[in-house]
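Asks: Dropping the structure in here first, questions after.
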Amino acid sequence: MLETLRNALWGMPLIGLLLSFGGYFTVKTRFLPLRLPAVLKRTVGSLPKGQDRKVLLHAVSTALGGTVGIGSITGVAYGIAAGGAGSVFWMWVSGLGGMALKYAEVFLAVKHRKKTEQGYVGGAPYVLGSLGYKKTAVCFALLCVLASFGVGNLTQIGALTETAVELGISPLLCGISCGVLLAYCLWGGRERIGKWNGVLVPAASLVYVFTALGVVLAHLPALPSAFSEILAGAMGIRPMVGGVSGALIAASMREGFARGVFSNEAGVGSSPLAHASSGESDPVRQGEWGVFEIFADTFLVSTLTALALLVTGSGSITEVFAPLFFGGGRLVFVILSAVFAFASILSWCYYSRVCLQYLALPGGETVYSLCSVVCAFFGAQLPMGSLLTLADILGGLMIFPNLFLLFKLRGEVR
């Protein structure tokens with residue numbers, strides 16, 4: 001039943017909506033993705049100094065932790081298994097449109113953010129509420145809290161457990177360990193979440209990117225064949241048999257967009273909740289950090305994952321890592337998976353705290369933290385396929401109120 005609901009949600013209507021909004025904002029921002037080198041120069045190439053640098057890096061690392069995670073690794077492998085190599089092509093398409101879409105989300109979140117005793121807050125619920133759409137704002141906030149359990153907790157722990165089991169670590173031990181560690185971080189508040197992600201995400205990302213790149217370069221002769229397989233799958237060309245299959249195109253599009261959005265969150269409206277807390281006062285500059293997110297997630301981590309799988313002919317990234325690091329590749333991959341999974345969980349916990357602050361539910365954060373710890377335990381016991389399906393549904397539902405906001409304020413984005 002979950003699979004049927006997920007396939008219905010991620011059908012052509014939703015894909016068409018994402019393509020339309022991505023295309024609109026791409027044109028409105030004067031084809032921002034084509035000016036990526038300039039964007040990178042103004043973001044990672046031009047960091048502020050002092051306290052502003054610290055606040056900015058915490059905000060960006062939290063948002064990046066929610067995107068560069070298990071979805072960019074295990075999720076990509078599942079996408080190729082379900083939709084074929086062609087899903088990688090549609091993941092790229094979603095990423096290109098997602099750059100301008102993410103820019104627009106972050107731009108509006110920073111432009112309309114509010115100052116509180118804890119710092120700046122902003123994002124879809126606050127902007128929708130200020131426009132008078134309070135029911136839609138509450139709907140988004142509640143969906144975000146629910147999605148944090150699916151996208152940012154259960155799925156991440158499930159993927160981590162799947163790799164840890166191969167080293168002989170029991171799901172029970174994995175669930176208990178993750179629950180205890182998560183409790184330590186959550187009861188430390190937003191500052192502790194920012195500190196953890198500010199250290200873990202950049203370091204783990206660099207190790208993973210250079211390792212995956214090394215695998216691709218080591219199998220360089222197979223790279224043209226991998227690209228050919230991606231393009232053939234995207235066009236629905238059946239291997240060996242010949243001909244074009246509409247069902248194959250639909251499957252690769254569905255998986256490519258679902259995996260792309262699950263990974264980079266463009267259109268979901270989650271990461272702007274973190275970007276709004278940065279010290280950057282210029283929404284244009286902060287919006288460009290959103291573009292950097294898509295680049296790092298989709299066109300670096302996710303793409304290298306896909307190419308490493310295709311050039312080696314492997315169905316699991318764990319198998320790709322296994323012979324590396326003098327035979328200790330599995331252990332290294334488990335460690336990296338733990339960092340990515342935990343960073344993503346903490347990021348989604350941060351998003352939920354912002355939404356709970358908007359909802360102002362008595363004892364809401366305490367109840368949420370307890371539920372998160374319980375979910376971390378159960379995520380280690382449930383099958384990964386079902387968890388990914390649940391995450392796609394919950395994340396997909398967030399898109400509708402967020403696109404409604406973007407439609408209403410489309411004229412403000414510059």
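Scheme for the structure tokens: letters A, B, ... for chains in order shown; per-chain residue numbers from 1; ligand numbers from 1 in order shown.
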Give me the residues of stretch 141-221 of chain A that have any atom at most 7 Å from an atom of stretch 290-314 of chain A; for each, the nearest atom pair and the distance in Å, rounded to one decimal. Use only C-alpha atoms, sort by chain and number, and format it as CSV.
Replies:
residue,atom,partner,partner_atom,distance
A:Val209,CA,A:Val301,CA,6.1
A:Ala212,CA,A:Leu304,CA,5.9
A:Leu213,CA,A:Leu304,CA,6.4
A:Val215,CA,A:Ala308,CA,6.1
A:Val216,CA,A:Ala308,CA,5.4
A:His219,CA,A:Val311,CA,6.1
Asks: Can you check which parts of stretch 141-210 of chain A lie within 6 Å of stretch 345-358 of chain A? Per residue, the shortest pair of atoms and distance in Å to one decimal, counting only C-alpha atoms, sorted by chain and number, as a Markdown table.
Replies:
| residue | atom | partner | partner_atom | distance |
| --- | --- | --- | --- | --- |
| A:Ala141 | CA | A:Cys355 | CA | 5.0 |
| A:Val145 | CA | A:Ser352 | CA | 5.0 |
| A:Ser148 | CA | A:Trp348 | CA | 5.2 |
| A:Gly152 | CA | A:Ile345 | CA | 4.6 |
| A:Asn153 | CA | A:Ile345 | CA | 5.2 |
Asks: Measuring atom to atom with only C-alpha atoms, identify which of A:Phe227, A:Phe149, A:Tyr208, A:Tyr120 is nearest to A:Phe321.
Replies: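 Answer, going by the shortest atom-to-atom distance: A:Tyr208.
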Asks: With only C-alpha atoms as the counted atoms, please give the residues lying no more than 7 Å from stretch 5-14 of chain A, apart from itself and same-chain residues fewer than 4 positions off, as an mmCIF file with N, CA and C atoms, in the first residue's frame.
Replies:
data_model
loop_
_atom_site.group_PDB
_atom_site.id
_atom_site.type_symbol
_atom_site.label_atom_id
_atom_site.label_comp_id
_atom_site.auth_asym_id
_atom_site.auth_seq_id
_atom_site.Cartn_x
_atom_site.Cartn_y
_atom_site.Cartn_z
ATOM 1 N N MET A 1 0.823 -1.214 0.000
ATOM 2 C CA MET A 1 0.000 0.000 0.000
ATOM 3 C C MET A 1 0.858 1.265 0.000
ATOM 4 N N LEU A 18 7.480 20.352 -10.251
ATOM 5 C CA LEU A 18 8.869 20.663 -9.912
ATOM 6 C C LEU A 18 9.625 21.192 -11.128
ATOM 7 N N ARG A 254 10.647 8.822 -12.291
ATOM 8 C CA ARG A 254 10.116 8.798 -10.923
ATOM 9 C C ARG A 254 11.225 8.587 -9.911
ATOM 10 N N ALA A 258 12.587 11.421 -7.357
ATOM 11 C CA ALA A 258 12.376 11.084 -5.943
ATOM 12 C C ALA A 258 13.701 11.024 -5.200
ATOM 13 N N THR A 389 10.469 4.299 1.157
ATOM 14 C CA THR A 389 9.141 4.589 0.618
ATOM 15 C C THR A 389 8.403 5.573 1.511
ATOM 16 N N ASP A 392 9.899 9.063 1.112
ATOM 17 C CA ASP A 392 9.483 9.715 -0.128
ATOM 18 C C ASP A 392 8.084 10.320 0.009
ATOM 19 N N ILE A 393 7.201 9.618 0.696
ATOM 20 C CA ILE A 393 5.826 10.103 0.876
ATOM 21 C C ILE A 393 5.808 11.356 1.752
#
Asks: Between atom CA of A:Ser344 and atom CA of A:Ser72, what is the spacing in Å?
Replies: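 These two atoms are separated by 11.0 Å.
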Asks: Using DSSP assignments from the backbone, pull out every residue in stretch 289-351 of chain A that falls under alpha helix (DSSP H) and give it to me as a PyMOL selection string.
Replies: chain A and resi 289-294+303-312+317-321+329-351
Asks: Those residues with C-alpha atoms, as a short mmCIF file (atom, residue, chain, number, x, y, z; two decimals), in the first residue's frame please?
Replies:
data_model
loop_
_atom_site.label_atom_id
_atom_site.label_comp_id
_atom_site.auth_asym_id
_atom_site.auth_seq_id
_atom_site.Cartn_x
_atom_site.Cartn_y
_atom_site.Cartn_z
CA TRP A 289 24.68 29.05 -0.48
CA GLY A 290 21.52 27.10 -1.32
CA VAL A 291 22.84 26.71 -4.87
CA PHE A 292 26.14 25.46 -3.45
CA GLU A 293 24.18 22.82 -1.49
CA ILE A 294 22.68 21.39 -4.67
CA THR A 303 26.99 11.74 -9.08
CA LEU A 304 30.25 10.21 -7.86
CA THR A 305 28.24 7.54 -6.03
CA ALA A 306 26.32 6.68 -9.19
CA LEU A 307 29.43 6.60 -11.39
CA ALA A 308 31.35 4.48 -8.86
CA LEU A 309 28.50 1.95 -8.86
CA LEU A 310 28.19 1.87 -12.66
CA VAL A 311 31.90 1.66 -13.56
CA THR A 312 32.44 -1.17 -11.07
CA ILE A 317 28.49 1.14 -2.47
CA THR A 318 29.68 -1.00 0.46
CA GLU A 319 31.07 -3.51 -2.06
CA VAL A 320 32.84 -0.66 -3.88
CA PHE A 321 34.56 0.43 -0.65
CA GLY A 329 37.03 -0.26 3.36
CA ARG A 330 33.89 -1.69 4.94
CA LEU A 331 34.80 -0.23 8.32
CA VAL A 332 35.63 3.16 6.78
CA PHE A 333 32.31 3.16 4.94
CA VAL A 334 30.40 2.33 8.13
CA ILE A 335 32.11 5.26 9.88
CA LEU A 336 31.28 7.62 6.99
CA SER A 337 27.70 6.32 6.91
CA ALA A 338 27.39 6.97 10.63
CA VAL A 339 28.60 10.55 10.20
CA PHE A 340 26.29 11.26 7.24
CA ALA A 341 23.30 9.59 8.86
CA PHE A 342 23.75 11.37 12.14
CA ALA A 343 24.34 14.75 10.49
CA SER A 344 21.12 14.34 8.53
CA ILE A 345 19.17 13.32 11.64
CA LEU A 346 20.46 16.33 13.56
CA SER A 347 19.64 18.67 10.69
CA TRP A 348 16.06 17.43 10.50
CA CYS A 349 15.79 17.71 14.28
CA TYR A 350 16.84 21.33 13.90
CA TYR A 351 14.18 21.90 11.21
#
Asks: A:Leu390, A:Val44, A:Leu403, A:Met384: which is nearest A:Leu146, counting only C-alpha atoms?
Replies: A:Leu390
Asks: Which is closer to A:Gly385 than all the others in A:Gly363, A:Gly328, A:Gly79, A:Pro401, using only C-alpha atoms?
Replies: A:Gly79
Asks: Show which residues sit within 12 Å of A:Gln381, as an MDAnalysis selection string. Count only C-alpha atoms, and ignore same-chain residues fewer than 2 positions away.
Replies: chainID A and resid 154:155 157:162 165 170:176 374:379 383:384 386:387
Asks: Identify all residues of stretch 96-343 of chain A in strand (DSSP E or B) (DSSP on the backbone) and supply them as a PyMOL selection string.
Replies: chain A and resi 114-116+119-121+237+244
